[in-house]
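Data from input.pdb: PDB, C-alpha atoms
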```pdb
ATOM      1  CA  MET A   1      28.893 -17.200 -17.445  1.00  0.00           C
ATOM      2  CA  LYS A   2      25.989 -17.228 -15.015  1.00  0.00           C
ATOM      3  CA  PRO A   3      25.124 -13.840 -13.520  1.00  0.00           C
ATOM      4  CA  THR A   4      25.441 -13.221  -9.790  1.00  0.00           C
ATOM      5  CA  PRO A   5      22.609 -10.830  -8.811  1.00  0.00           C
ATOM      6  CA  GLU A   6      23.379  -9.022  -5.582  1.00  0.00           C
ATOM      7  CA  THR A   7      21.093  -6.338  -4.364  1.00  0.00           C
ATOM      8  CA  ASP A   8      20.779  -4.207  -1.267  1.00  0.00           C
ATOM      9  CA  LEU A   9      17.326  -2.738  -1.560  1.00  0.00           C
ATOM     10  CA  THR A  10      15.684  -0.052   0.515  1.00  0.00           C
ATOM     11  CA  LEU A  11      11.932  -0.610   0.416  1.00  0.00           C
ATOM     12  CA  GLY A  12       9.342   0.961   2.881  1.00  0.00           C
ATOM     13  CA  THR A  13       8.265  -0.166   6.232  1.00  0.00           C
ATOM     14  CA  TYR A  14       7.796  -3.586   4.772  1.00  0.00           C
ATOM     15  CA  SER A  15       9.898  -6.615   5.075  1.00  0.00           C
ATOM     16  CA  ILE A  16      11.333  -6.941   1.596  1.00  0.00           C
ATOM     17  CA  ALA A  17      14.954  -6.466   0.570  1.00  0.00           C
ATOM     18  CA  CYS A  18      18.026  -8.207  -0.763  1.00  0.00           C
ATOM     19  CA  TYR A  19      18.861 -11.534  -2.280  1.00  0.00           C
ATOM     20  CA  ARG A  20      21.999 -13.256  -3.467  1.00  0.00           C
ATOM     21  CA  GLY A  21      22.402 -16.408  -5.528  1.00  0.00           C
ATOM     22  CA  TYR A  22      23.256 -17.863  -8.831  1.00  0.00           C
ATOM     23  CA  MET A  23      20.411 -18.210 -11.301  1.00  0.00           C
ATOM     24  CA  ASP A  24      20.110 -19.538 -14.767  1.00  0.00           C
ATOM     25  CA  ARG A  25      20.014 -16.609 -17.203  1.00  0.00           C
ATOM     26  CA  LYS A  26      16.567 -17.552 -18.510  1.00  0.00           C
ATOM     27  CA  ARG A  27      15.123 -17.726 -14.999  1.00  0.00           C
ATOM     28  CA  PHE A  28      16.687 -14.511 -13.806  1.00  0.00           C
ATOM     29  CA  LEU A  29      15.055 -12.157 -16.331  1.00  0.00           C
ATOM     30  CA  PRO A  30      11.389 -12.997 -15.482  1.00  0.00           C
ATOM     31  CA  TYR A  31      12.121 -12.737 -11.755  1.00  0.00           C
ATOM     32  CA  ALA A  32      13.892  -9.451 -12.306  1.00  0.00           C
ATOM     33  CA  LEU A  33      10.799  -8.123 -14.073  1.00  0.00           C
ATOM     34  CA  VAL A  34       8.639  -9.128 -11.111  1.00  0.00           C
ATOM     35  CA  LEU A  35      11.076  -7.384  -8.769  1.00  0.00           C
ATOM     36  CA  ALA A  36      11.165  -4.257 -10.922  1.00  0.00           C
ATOM     37  CA  GLY A  37       7.368  -4.006 -10.822  1.00  0.00           C
ATOM     38  CA  LEU A  38       7.391  -4.387  -7.065  1.00  0.00           C
ATOM     39  CA  LEU A  39      10.045  -1.740  -6.535  1.00  0.00           C
ATOM     40  CA  ALA A  40       8.255   0.712  -8.798  1.00  0.00           C
ATOM     41  CA  SER A  41       5.323   0.825  -6.382  1.00  0.00           C
ATOM     42  CA  THR A  42       7.258   0.738  -3.083  1.00  0.00           C
ATOM     43  CA  ASP A  43       8.288   3.641  -0.887  1.00  0.00           C
ATOM     44  CA  THR A  44      12.065   3.404  -0.364  1.00  0.00           C
ATOM     45  CA  SER A  45      12.743   4.479   3.208  1.00  0.00           C
ATOM     46  CA  ARG A  46      14.002   1.483   5.218  1.00  0.00           C
ATOM     47  CA  VAL A  47      16.402  -1.363   4.687  1.00  0.00           C
ATOM     48  CA  VAL A  48      14.851  -4.778   5.255  1.00  0.00           C
ATOM     49  CA  ALA A  49      15.582  -8.309   4.067  1.00  0.00           C
ATOM     50  CA  ALA A  50      13.970 -11.149   2.138  1.00  0.00           C
ATOM     51  CA  ASN A  51      14.948 -13.727  -0.425  1.00  0.00           C
ATOM     52  CA  MET A  52      13.903 -13.440  -4.047  1.00  0.00           C
ATOM     53  CA  ARG A  53      11.242 -16.139  -3.868  1.00  0.00           C
ATOM     54  CA  SER A  54       9.249 -14.024  -1.432  1.00  0.00           C
ATOM     55  CA  PHE A  55       8.244 -11.806  -4.335  1.00  0.00           C
ATOM     56  CA  ILE A  56       6.249 -14.371  -6.309  1.00  0.00           C
ATOM     57  CA  GLU A  57       2.481 -14.581  -5.910  1.00  0.00           C
ATOM     58  CA  ALA A  58       2.537 -18.321  -5.151  1.00  0.00           C
ATOM     59  CA  VAL A  59       3.991 -17.595  -1.708  1.00  0.00           C
ATOM     60  CA  ARG A  60       0.922 -15.594  -0.718  1.00  0.00           C
ATOM     61  CA  ARG A  61      -1.453 -17.958  -2.540  1.00  0.00           C
ATOM     62  CA  LYS A  62      -0.193 -20.969  -0.568  1.00  0.00           C
ATOM     63  CA  ALA A  63      -0.508 -19.302   2.832  1.00  0.00           C
ATOM     64  CA  ALA A  64      -2.953 -21.360   4.917  1.00  0.00           C
ATOM     65  CA  VAL A  65      -3.997 -18.343   6.973  1.00  0.00           C
ATOM     66  CA  VAL A  66      -4.123 -14.634   6.208  1.00  0.00           C
ATOM     67  CA  TYR A  67      -5.029 -12.139   8.894  1.00  0.00           C
ATOM     68  CA  VAL A  68      -4.954  -8.454   9.741  1.00  0.00           C
ATOM     69  CA  GLY A  69      -4.006  -7.105  13.136  1.00  0.00           C
ATOM     70  CA  SER A  70      -1.545  -5.117  15.190  1.00  0.00           C
ATOM     71  CA  VAL A  71       1.542  -6.261  17.060  1.00  0.00           C
ATOM     72  CA  LYS A  72       0.700  -6.532  20.749  1.00  0.00           C
ATOM     73  CA  GLU A  73       4.027  -7.807  22.045  1.00  0.00           C
ATOM     74  CA  VAL A  74       7.477  -8.797  20.793  1.00  0.00           C
ATOM     75  CA  GLN A  75       9.243 -11.547  22.758  1.00  0.00           C
ATOM     76  CA  LEU A  76      12.987 -12.157  22.472  1.00  0.00           C
ATOM     77  CA  LEU A  77      13.651 -15.894  22.250  1.00  0.00           C
ATOM     78  CA  THR A  78      17.377 -16.201  21.556  1.00  0.00           C
ATOM     79  CA  ARG A  79      20.212 -13.938  20.502  1.00  0.00           C
ATOM     80  CA  THR A  80      23.545 -14.797  18.921  1.00  0.00           C
ATOM     81  CA  LYS A  81      26.123 -12.552  17.269  1.00  0.00           C
ATOM     82  CA  PHE A  82      24.617 -13.600  13.939  1.00  0.00           C
ATOM     83  CA  ASP A  83      20.864 -13.622  14.524  1.00  0.00           C
ATOM     84  CA  ILE A  84      17.972 -12.696  16.802  1.00  0.00           C
ATOM     85  CA  LYS A  85      15.063 -15.097  17.167  1.00  0.00           C
ATOM     86  CA  ALA A  86      11.838 -13.422  18.294  1.00  0.00           C
ATOM     87  CA  ARG A  87       8.128 -14.102  18.587  1.00  0.00           C
ATOM     88  CA  ALA A  88       5.404 -11.598  17.715  1.00  0.00           C
ATOM     89  CA  VAL A  89       2.058 -11.683  19.470  1.00  0.00           C
ATOM     90  CA  VAL A  90      -0.576 -10.140  17.202  1.00  0.00           C
ATOM     91  CA  GLU A  91      -3.983  -8.868  18.218  1.00  0.00           C
ATOM     92  CA  VAL A  92      -6.107 -10.115  15.318  1.00  0.00           C
ATOM     93  CA  SER A  93      -8.745  -7.734  13.998  1.00  0.00           C
ATOM     94  CA  ALA A  94      -9.893  -9.816  11.009  1.00  0.00           C
ATOM     95  CA  VAL A  95      -9.246 -13.184   9.359  1.00  0.00           C
ATOM     96  CA  ALA A  96      -9.238 -13.218   5.560  1.00  0.00           C
ATOM     97  CA  ARG A  97      -8.272 -16.874   5.155  1.00  0.00           C
ATOM     98  CA  GLY A  98      -8.318 -19.758   7.608  1.00  0.00           C
ATOM     99  CA  SER A  99     -10.785 -21.403   9.948  1.00  0.00           C
ATOM    100  CA  GLY A 100     -11.703 -19.948  13.291  1.00  0.00           C
ATOM    101  CA  ASN A 101     -11.665 -16.405  14.583  1.00  0.00           C
ATOM    102  CA  PRO A 102      -8.760 -16.148  17.047  1.00  0.00           C
ATOM    103  CA  ARG A 103      -8.308 -12.989  19.055  1.00  0.00           C
ATOM    104  CA  GLU A 104      -4.537 -13.459  19.064  1.00  0.00           C
ATOM    105  CA  ALA A 105      -1.983 -15.084  16.782  1.00  0.00           C
ATOM    106  CA  THR A 106       1.756 -15.637  17.051  1.00  0.00           C
ATOM    107  CA  PHE A 107       4.637 -16.208  14.694  1.00  0.00           C
ATOM    108  CA  GLU A 108       8.369 -16.572  15.181  1.00  0.00           C
ATOM    109  CA  TYR A 109      10.819 -14.689  13.032  1.00  0.00           C
ATOM    110  CA  SER A 110      14.415 -13.593  12.563  1.00  0.00           C
ATOM    111  CA  SER A 111      15.424 -10.034  13.371  1.00  0.00           C
ATOM    112  CA  PHE A 112      18.430  -7.725  13.623  1.00  0.00           C
ATOM    113  CA  ASP A 113      19.553  -4.573  15.420  1.00  0.00           C
ATOM    114  CA  ASP A 114      22.638  -2.418  15.980  1.00  0.00           C
ATOM    115  CA  LYS A 115      24.455  -5.255  17.741  1.00  0.00           C
ATOM    116  CA  THR A 116      23.332  -8.037  15.418  1.00  0.00           C
ATOM    117  CA  PRO A 117      23.714  -7.097  11.744  1.00  0.00           C
ATOM    118  CA  MET A 118      21.256  -8.049   9.030  1.00  0.00           C
ATOM    119  CA  LEU A 119      21.694 -11.459   7.436  1.00  0.00           C
ATOM    120  CA  GLU A 120      21.812 -11.843   3.689  1.00  0.00           C
ATOM    121  CA  GLY A 121      19.226 -14.135   2.160  1.00  0.00           C
ATOM    122  CA  GLY A 122      16.517 -13.162   4.733  1.00  0.00           C
ATOM    123  CA  PRO A 123      13.707 -12.769   5.433  1.00  0.00           C
ATOM    124  CA  GLN A 124      14.184 -10.710   8.589  1.00  0.00           C
ATOM    125  CA  TYR A 125      11.833  -8.262  10.266  1.00  0.00           C
ATOM    126  CA  GLN A 126      11.963  -5.430  12.778  1.00  0.00           C
ATOM    127  CA  LEU A 127       8.637  -5.267  14.600  1.00  0.00           C
ATOM    128  CA  LYS A 128       7.401  -3.213  17.525  1.00  0.00           C
ATOM    129  CA  PRO A 129       4.154  -3.060  19.514  1.00  0.00           C
ATOM    130  CA  GLY A 130       1.394  -1.068  17.892  1.00  0.00           C
ATOM    131  CA  ILE A 131       2.434  -1.512  14.282  1.00  0.00           C
ATOM    132  CA  LYS A 132      -0.250  -2.848  11.940  1.00  0.00           C
ATOM    133  CA  VAL A 133       0.409  -6.032  10.000  1.00  0.00           C
ATOM    134  CA  VAL A 134      -1.048  -8.261   7.301  1.00  0.00           C
ATOM    135  CA  VAL A 135       0.279 -11.776   7.842  1.00  0.00           C
ATOM    136  CA  PHE A 136       0.426 -14.640   5.327  1.00  0.00           C
ATOM    137  CA  ALA A 137       1.371 -17.698   7.411  1.00  0.00           C
ATOM    138  CA  ASN A 138       0.996 -21.451   7.793  1.00  0.00           C
ATOM    139  CA  SER A 139      -1.061 -21.187  11.011  1.00  0.00           C
ATOM    140  CA  PHE A 140      -2.216 -18.800  13.723  1.00  0.00           C
ATOM    141  CA  ALA A 141       0.553 -20.130  15.993  1.00  0.00           C
ATOM    142  CA  SER A 142       3.495 -20.446  13.662  1.00  0.00           C
ATOM    143  CA  THR A 143       6.996 -21.419  14.777  1.00  0.00           C
ATOM    144  CA  ILE A 144       8.444 -20.360  11.424  1.00  0.00           C
ATOM    145  CA  PRO A 145       8.533 -16.921   9.788  1.00  0.00           C
ATOM    146  CA  PRO A 146       5.467 -15.900   7.778  1.00  0.00           C
ATOM    147  CA  GLY A 147       5.525 -16.661   4.082  1.00  0.00           C
ATOM    148  CA  TYR A 148       4.900 -12.962   3.601  1.00  0.00           C
ATOM    149  CA  LEU A 149       4.433 -10.023   5.951  1.00  0.00           C
ATOM    150  CA  LEU A 150       3.302  -6.453   5.432  1.00  0.00           C
ATOM    151  CA  GLN A 151       3.761  -3.900   8.197  1.00  0.00           C
ATOM    152  CA  GLY A 152       3.091  -0.187   8.505  1.00  0.00           C
ATOM    153  CA  SER A 153       0.252   2.299   8.808  1.00  0.00           C
ATOM    154  CA  SER A 154      -3.178   1.616   7.347  1.00  0.00           C
ATOM    155  CA  ALA A 155      -2.368   3.890   4.401  1.00  0.00           C
ATOM    156  CA  GLU A 156       0.879   2.064   3.721  1.00  0.00           C
ATOM    157  CA  LEU A 157      -0.779  -1.340   3.927  1.00  0.00           C
ATOM    158  CA  LEU A 158      -3.516  -0.239   1.539  1.00  0.00           C
ATOM    159  CA  GLN A 159      -0.904   1.061  -0.889  1.00  0.00           C
ATOM    160  CA  ARG A 160       0.920  -2.278  -0.964  1.00  0.00           C
ATOM    161  CA  LEU A 161      -2.280  -4.336  -1.201  1.00  0.00           C
ATOM    162  CA  THR A 162      -3.494  -2.194  -4.068  1.00  0.00           C
ATOM    163  CA  ALA A 163      -0.146  -2.655  -5.818  1.00  0.00           C
ATOM    164  CA  PHE A 164      -0.463  -6.437  -5.416  1.00  0.00           C
ATOM    165  CA  HIS A 165      -4.038  -6.382  -6.717  1.00  0.00           C
ATOM    166  CA  ASP A 166      -3.317  -4.194  -9.726  1.00  0.00           C
ATOM    167  CA  SER A 167      -0.131  -6.035 -10.677  1.00  0.00           C
ATOM    168  CA  LEU A 168      -1.866  -9.402 -10.430  1.00  0.00           C
ATOM    169  CA  SER A 169      -4.856  -8.276 -12.504  1.00  0.00           C
ATOM    170  CA  LYS A 170      -2.547  -7.243 -15.373  1.00  0.00           C
ATOM    171  CA  MET A 171      -0.309 -10.328 -15.446  1.00  0.00           C
ATOM    172  CA  SER A 172       0.090 -12.074 -18.779  1.00  0.00           C
ATOM    173  CA  PRO A 173      -0.031 -15.887 -19.025  1.00  0.00           C
ATOM    174  CA  ASP A 174       3.778 -15.967 -19.013  1.00  0.00           C
ATOM    175  CA  GLN A 175       3.904 -13.792 -15.897  1.00  0.00           C
ATOM    176  CA  LEU A 176       1.437 -16.096 -14.165  1.00  0.00           C
ATOM    177  CA  LYS A 177       3.824 -18.965 -14.856  1.00  0.00           C
ATOM    178  CA  VAL A 178       6.745 -17.005 -13.409  1.00  0.00           C
ATOM    179  CA  ASN A 179       4.646 -16.433 -10.286  1.00  0.00           C
ATOM    180  CA  GLU A 180       3.755 -20.164 -10.220  1.00  0.00           C
ATOM    181  CA  ILE A 181      -0.001 -19.602 -10.291  1.00  0.00           C
ATOM    182  CA  ASN A 182      -2.854 -20.109 -12.771  1.00  0.00           C
ATOM    183  CA  GLU A 183      -6.051 -18.239 -13.669  1.00  0.00           C
ATOM    184  CA  GLN A 184      -7.992 -19.795 -10.814  1.00  0.00           C
ATOM    185  CA  ASP A 185      -5.290 -18.721  -8.366  1.00  0.00           C
ATOM    186  CA  ARG A 186      -5.449 -15.222  -9.811  1.00  0.00           C
ATOM    187  CA  ARG A 187      -9.200 -14.985  -9.154  1.00  0.00           C
ATOM    188  CA  ILE A 188      -8.785 -16.282  -5.618  1.00  0.00           C
ATOM    189  CA  GLN A 189      -6.005 -13.823  -4.840  1.00  0.00           C
ATOM    190  CA  LEU A 190      -7.810 -10.842  -6.339  1.00  0.00           C
ATOM    191  CA  GLU A 191     -10.805 -11.603  -4.116  1.00  0.00           C
ATOM    192  CA  LEU A 192      -8.469 -11.991  -1.149  1.00  0.00           C
ATOM    193  CA  TYR A 193      -6.853  -8.596  -1.699  1.00  0.00           C
ATOM    194  CA  GLU A 194     -10.258  -6.938  -1.984  1.00  0.00           C
ATOM    195  CA  LYS A 195     -11.280  -8.539   1.294  1.00  0.00           C
ATOM    196  CA  VAL A 196      -8.052  -7.639   3.087  1.00  0.00           C
ATOM    197  CA  ARG A 197      -8.223  -4.037   1.906  1.00  0.00           C
ATOM    198  CA  THR A 198     -11.721  -3.771   3.385  1.00  0.00           C
ATOM    199  CA  TYR A 199     -10.472  -5.189   6.677  1.00  0.00           C
ATOM    200  CA  VAL A 200      -7.544  -2.763   6.778  1.00  0.00           C
ATOM    201  CA  ARG A 201      -9.827   0.212   6.126  1.00  0.00           C
ATOM    202  CA  THR A 202     -12.190  -0.772   8.942  1.00  0.00           C
ATOM    203  CA  SER A 203      -9.597  -1.983  11.470  1.00  0.00           C
ATOM    204  CA  LYS A 204      -8.923   0.180  14.505  1.00  0.00           C
TER
END
```
Would you mind writing the file's structure down as structure tokens?
Amino acid sequence: MKPTPETDLTLGTYSIACYRGYMDRKRFLPYALVLAGLLASTDTSRVVAANMRSFIEAVRRKAAVVYVGSVKEVQLLTRTKFDIKARAVVEVSAVARGSGNPREATFEYSSFDDKTPMLEGGPQYQLKPGIKVVVFANSFASTIPPGYLLQGSSAELLQRLTAFHDSLSKMSPDQLKVNEINEQDRRIQLELYEKVRTYVRTSK
């Protein structure tokens, strides 16, 4: 019988949380190991949402743009009893990947509040002006949610980036396959995390 993983995770100020779905038993174990490593290095203080695929390194590797900044404005686009569609306007302090040097970037995302409960299968985010972010997206003006998003204080961002860096540096060949990357991708991502950590340290 195929297992039915169902998790309601409480992770930090970051947008990572629960997933539900049927997986082949051989696929589930490697992904569970990736998840376990992530949870081991995450402060558990807030409930947030994301699907399981968000955890693999390939999601961040394939992001066309990566930037550091702070949320300047949150715009409500639509609200239903099931979902909130919003747009974040980010004041960009540094660009780690992507051409150009925009002062502002935007991305649309799904959110929730007391009146609109969290969806299962995410990802969903709760953002507010002033919070610092590291965004992995398809463009600087994205109409879809980021492939990956970190939010929190500078210390919290540095903690997560360091966890990504250290975990990636120790991955075995089999773990690289689970994360759908190769050795060249590993080198590129390790350099990226070093660069982003520098930007976070020096950002206002």
> Hey, what comes out of the PyMOL selection byres ((chain A and resi 62-66) around 10) on this file? Could you write it as a PyMOL selection string?
Replying inline: chain A and resi 57-61+67-68+94-99+134-140+146-149+181+185+192+196
>> Residues within 12 Å of (-5.7, -4.2, 2.6), file coordinates, counting all atoms listed in the file: what are they? Give the list as a ChimeraX atom specification.
In response: /A:66-69,94-96,132-135,150-165,190-203
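Residue nearest Glu120 of chain A, chosen from A:Asp83, A:Asp174, A:Glu73, A:Glu104 and counting all atoms listed in the file: A:Asp83.
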>> Running the PyMOL selection byres ((chain A and resi 78-81) around 12) on this model by hand, what would come out? Give it as a list of chain:residue names.
In response: A:Gln75, A:Leu76, A:Leu77, A:Phe82, A:Asp83, A:Ile84, A:Lys85, A:Ala86, A:Arg87, A:Glu108, A:Tyr109, A:Ser110, A:Ser111, A:Phe112, A:Asp113, A:Asp114, A:Lys115, A:Thr116, A:Pro117, A:Met118, A:Leu119
>> Just the number, please: distance in Å from atom CA of Phe55 of chain A to atom CA of Asn179 of chain A, one decimal.
In response: 8.4 Å
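Between atom CA of Lys170 of chain A and atom CA of Glu183 of chain A the separation is 11.7 Å.
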List as a tab-separated table (two decimals) with C-alpha atoms, keeping the file's coordinate frame the residues having at least one atom at most 7 Å from position (-1.7, -9.4, 17.2) as given in the file, counting only C-alpha atoms.
```
chain	number	residue	atom	x	y	z
A	69	GLY	CA	-4.01	-7.10	13.14
A	70	SER	CA	-1.54	-5.12	15.19
A	71	VAL	CA	1.54	-6.26	17.06
A	72	LYS	CA	0.70	-6.53	20.75
A	89	VAL	CA	2.06	-11.68	19.47
A	90	VAL	CA	-0.58	-10.14	17.20
A	91	GLU	CA	-3.98	-8.87	18.22
A	92	VAL	CA	-6.11	-10.12	15.32
A	104	GLU	CA	-4.54	-13.46	19.06
A	105	ALA	CA	-1.98	-15.08	16.78
```
>> Just to confirm, what's the straight-line distance from atom CA of Ile144 of chain A to atom CA of Lys128 of chain A in Å (one decimal)?
In response: 18.2 Å
> For Asn182 of chain A, which of A:Gly130, A:Leu168, A:Val74, A:Pro145 is the closest residue, counting all atoms listed in the file?
Replying inline: A:Leu168
